[in-house]
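See below for entry05.csv, which holds CSV, C-alpha atoms.
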```csv
chain,number,residue,atom,x,y,z
A,291,MET,CA,15.5,4.9,12.3
A,292,LYS,CA,17.4,2.7,14.7
A,293,ASN,CA,15.3,-0.4,14.9
A,294,LYS,CA,13.2,-1.4,12.0
A,295,LYS,CA,12.5,-4.8,13.6
A,296,ASP,CA,9.7,-3.3,15.7
A,297,ILE,CA,7.8,-1.8,12.6
A,298,ARG,CA,4.5,-3.3,11.8
A,299,ILE,CA,3.2,-3.0,8.2
A,300,ALA,CA,-0.2,-4.0,6.8
A,301,ILE,CA,-0.6,-4.7,3.1
A,302,VAL,CA,-4.1,-4.6,1.5
A,303,GLY,CA,-4.2,-6.0,-2.0
A,304,SER,CA,-6.9,-6.4,-4.6
A,305,ASP,CA,-7.6,-9.8,-6.1
A,306,PHE,CA,-8.8,-8.1,-9.3
A,307,GLN,CA,-5.9,-8.2,-11.7
A,308,LYS,CA,-4.2,-10.6,-9.2
A,309,PHE,CA,-1.1,-11.1,-11.3
A,310,VAL,CA,-0.3,-7.4,-10.8
A,311,THR,CA,-1.0,-7.3,-7.1
A,312,ASP,CA,0.9,-10.6,-6.5
A,313,ASN,CA,4.0,-9.1,-8.0
A,314,LEU,CA,3.6,-5.8,-6.2
A,315,GLU,CA,3.2,-7.5,-2.9
A,316,SER,CA,6.1,-9.9,-3.4
A,317,ASN,CA,8.5,-7.2,-4.3
A,318,CYS,CA,7.3,-5.1,-1.4
A,319,ILE,CA,7.7,-7.8,1.2
A,320,THR,CA,11.1,-8.7,-0.1
A,321,THR,CA,12.2,-5.1,0.2
A,322,LEU,CA,10.8,-4.7,3.7
A,323,ILE,CA,12.6,-7.8,4.9
A,324,LYS,CA,15.9,-6.7,3.2
A,325,ASN,CA,15.5,-3.4,5.1
A,326,GLY,CA,15.1,-5.0,8.5
A,327,VAL,CA,11.4,-5.6,9.0
A,328,ARG,CA,10.6,-9.0,10.4
A,329,ARG,CA,8.3,-11.1,8.2
A,330,ASP,CA,6.0,-11.9,11.2
A,331,ARG,CA,5.4,-8.2,11.5
A,332,ILE,CA,4.0,-7.9,8.0
A,333,ALA,CA,0.2,-8.6,7.7
A,334,THR,CA,-1.5,-9.1,4.3
A,335,VAL,CA,-5.2,-8.8,3.6
A,336,ARG,CA,-6.8,-9.5,0.2
A,337,VAL,CA,-10.1,-7.9,-0.9
A,338,PRO,CA,-12.1,-8.6,-4.1
A,339,GLY,CA,-11.3,-5.3,-5.9
A,340,SER,CA,-9.8,-1.8,-5.4
A,341,LEU,CA,-13.1,-0.3,-4.3
A,342,GLU,CA,-12.9,-2.5,-1.2
A,343,ILE,CA,-9.4,-1.4,-0.2
A,344,PRO,CA,-10.4,1.7,1.8
A,345,LEU,CA,-12.7,-0.3,4.1
A,346,ALA,CA,-10.0,-2.9,4.8
A,347,ALA,CA,-7.4,-0.1,5.4
A,348,LEU,CA,-9.9,1.6,7.8
A,349,LEU,CA,-10.4,-1.6,9.8
A,350,LEU,CA,-6.7,-2.2,10.0
A,351,ALA,CA,-6.1,1.4,11.1
A,352,LYS,CA,-8.7,1.1,13.9
A,353,LYS,CA,-6.6,-1.7,15.4
A,354,LYS,CA,-3.8,0.8,16.1
A,355,ARG,CA,-1.3,-2.0,15.6
A,356,PHE,CA,0.4,-0.9,12.4
A,357,ASP,CA,2.9,1.8,11.6
A,358,ALA,CA,1.9,2.0,8.0
A,359,ILE,CA,-0.6,0.5,5.5
A,360,ILE,CA,0.3,-0.2,1.9
A,361,ALA,CA,-2.5,-0.5,-0.7
A,362,PHE,CA,-2.0,-2.5,-3.9
A,363,GLY,CA,-4.3,-2.9,-6.9
A,364,ALA,CA,-4.7,-2.3,-10.6
A,365,ILE,CA,-7.6,-0.5,-12.3
A,366,HIS,CA,-7.7,-0.2,-16.0
A,367,LYS,CA,-9.9,1.8,-18.3
A,368,GLY,CA,-12.5,-0.2,-20.0
A,369,GLU,CA,-15.5,0.9,-22.0
A,370,THR,CA,-17.3,2.6,-19.1
A,371,TYR,CA,-17.0,5.4,-16.6
A,372,HIS,CA,-16.5,2.7,-13.9
A,373,PHE,CA,-12.7,3.0,-14.1
A,374,GLN,CA,-12.8,6.7,-13.0
A,375,GLN,CA,-15.3,6.0,-10.2
A,376,VAL,CA,-13.2,3.2,-8.7
A,377,ALA,CA,-9.9,5.1,-9.0
A,378,ASP,CA,-11.3,8.3,-7.5
A,379,GLU,CA,-13.1,6.6,-4.6
A,380,CYS,CA,-10.3,4.3,-3.8
A,381,ILE,CA,-7.7,7.0,-3.4
A,382,ARG,CA,-10.2,9.3,-1.5
A,383,GLY,CA,-11.0,6.5,0.9
A,384,CYS,CA,-7.3,5.7,1.5
A,385,MET,CA,-6.5,9.4,2.1
A,386,ASN,CA,-9.3,9.7,4.5
A,387,VAL,CA,-8.0,6.7,6.5
A,388,SER,CA,-4.5,8.2,6.5
A,389,LEU,CA,-5.6,11.6,7.8
A,390,GLU,CA,-8.2,10.3,10.3
A,391,TYR,CA,-5.7,7.9,11.9
A,392,GLU,CA,-2.6,10.0,11.3
A,393,LEU,CA,-1.1,6.9,9.7
A,394,PRO,CA,0.8,6.6,6.5
A,395,VAL,CA,-1.2,4.8,3.8
A,396,ILE,CA,1.0,4.2,0.9
A,397,TYR,CA,-1.1,4.2,-2.3
A,398,GLU,CA,0.1,1.9,-5.1
A,399,VAL,CA,-3.2,1.2,-6.8
A,400,LEU,CA,-2.2,1.5,-10.4
A,401,ALA,CA,-4.8,3.3,-12.5
A,402,VAL,CA,-3.8,2.6,-16.1
A,403,TYR,CA,-5.2,2.8,-19.6
A,404,ASP,CA,-3.6,-0.5,-20.6
A,405,ILE,CA,-3.3,-3.3,-18.1
A,406,ARG,CA,0.2,-4.1,-19.5
A,407,ASP,CA,1.4,-0.8,-18.1
A,408,ALA,CA,0.4,-2.0,-14.6
A,409,GLU,CA,2.2,-5.3,-15.2
A,410,VAL,CA,5.4,-3.5,-16.2
A,411,ARG,CA,5.3,-1.3,-13.1
A,412,ALA,CA,4.8,-4.4,-10.9
A,413,THR,CA,7.5,-6.6,-12.5
A,414,ARG,CA,10.4,-4.4,-13.7
A,415,LYS,CA,13.6,-4.2,-11.8
A,416,LYS,CA,14.1,-0.5,-11.9
A,417,GLU,CA,11.3,1.8,-10.4
A,418,ASN,CA,9.2,-1.2,-9.3
A,419,ARG,CA,6.1,0.1,-7.6
A,420,GLY,CA,6.2,-2.7,-5.0
A,421,VAL,CA,9.8,-1.8,-4.0
A,422,GLU,CA,8.9,1.9,-4.0
A,423,ALA,CA,5.9,1.3,-1.8
A,424,ALA,CA,8.1,-0.5,0.8
A,425,LEU,CA,10.7,2.2,0.8
A,426,SER,CA,8.0,5.0,1.0
A,427,ALA,CA,6.4,3.2,4.0
A,428,LEU,CA,9.7,2.9,5.8
A,429,THR,CA,10.5,6.6,5.2
A,430,MET,CA,7.1,7.7,6.3
A,431,VAL,CA,7.2,5.6,9.5
A,432,ALA,CA,10.5,7.3,10.3
A,433,VAL,CA,9.1,10.8,9.5
A,434,THR,CA,5.9,10.3,11.6
A,435,ARG,CA,7.9,8.9,14.5
A,436,THR,CA,10.2,11.9,14.4
A,437,LEU,CA,7.4,14.4,14.2
A,438,ARG,CA,5.5,12.8,17.0
A,439,LYS,CA,8.6,13.0,19.3
A,440,LYS,CA,9.2,16.7,18.4
A,441,THR,CA,5.7,17.7,19.2
A,442,SER,CA,5.5,15.8,22.5
```
Would you mind writing the file's structure down as structure tokens?
Amino acid sequence: MKNKKDIRIAIVGSDFQKFVTDNLESNCITTLIKNGVRRDRIATVRVPGSLEIPLAALLLAKKKRFDAIIAFGAIHKGETYHFQQVADECIRGCMNVSLEYELPVIYEVLAVYDIRDAEVRATRKKENRGVEAALSALTMVAVTRTLRKKTS
């Protein structure tokens, strides 16, 4: 992709388990900027929990201003079935947004059995999920732009 400065990225993050989401978002933004995306073209939105991510992603997609949306959150298994419900519905909602709007929605809502596993994935240097989300978003923007040109 020749000019990454024109890319617009939206990040939707959950405030539940904020210490995980903050690290994912920080690593993601740093990576986007290092790869040529201007900071003023990265929008961030916070929602209370992971179940609210799909609605925010939908409203952002409807604006038709963004080339990709990145979803960050952390869901961990507790004593109830709620973990499974939130994880399943969050990913389903994000996929629906992606397909309906033909827009990459990079899903890094970490569903873990132990919250420490999410923290490790958000803070480690190698295979950091925030970094990976940024790189996936940039790759998918390039892929979708190429495919749209070829089918025009």
Smallest atom-to-atom distance to Val337 (chain A): which of A:Leu437, A:Ala358, A:Leu350, A:Val302, using all atoms listed in the file?
A:Val302
Proximity to Thr320 (chain A) - best of A:Ala427, A:Ala432, A:Val421, A:Val402, all atoms listed in the file
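Ranked by minimum distance to Thr320 (chain A), first place goes to A:Val421.
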Would you mind reading off the distance between CA of Asp305 (chain A) and CA of Ser340 (chain A), one decimal, in Å?
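For CA of Asp305 (chain A) relative to CA of Ser340 (chain A), the distance reads 8.3 Å.
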Could you tell me which of A:Ile332, A:Val310, A:Ile343, A:Ile396 comes closest to Glu422 (chain A) if we count all atoms listed in the file?
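Answer, going by the shortest atom-to-atom distance: A:Ile396.
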Taking 2 positions as the minimum chain separation for residues in the same chain, which residues sit within 9 Å of Asn293 (chain A) when counting all atoms listed in the file? Answer as a list in words.
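Here the qualifying residues turn out to be Met291, Lys295, Asp296, Ile297, Gly326 and Val327 of chain A.
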Just to confirm, what's the straight-line distance from CA of Asp312 (chain A) to CA of Asp330 (chain A) in Å (one decimal)?
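Interatomic distance here is 18.5 Å.
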To one decimal place in Å, what is the distance between CA of Lys440 (chain A) and CA of Arg298 (chain A)?
21.6 Å
List as an NGL selection string the protein and nucleic acid residues near Thr413 (chain A), meaning an atom at most 8 Å away when all atoms listed in the file are counted, but skip any in the same chain fewer than 3 places from it.
:A and (313-314 or 409-410 or 418)
May I ask which of the residues A:Pro338, A:Asn325, A:Asp404, A:Val387 is the closest one to Ala351 (chain A), counting all atoms listed in the file?
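Residue with the minimum atom-to-atom distance to Ala351 (chain A): A:Val387.
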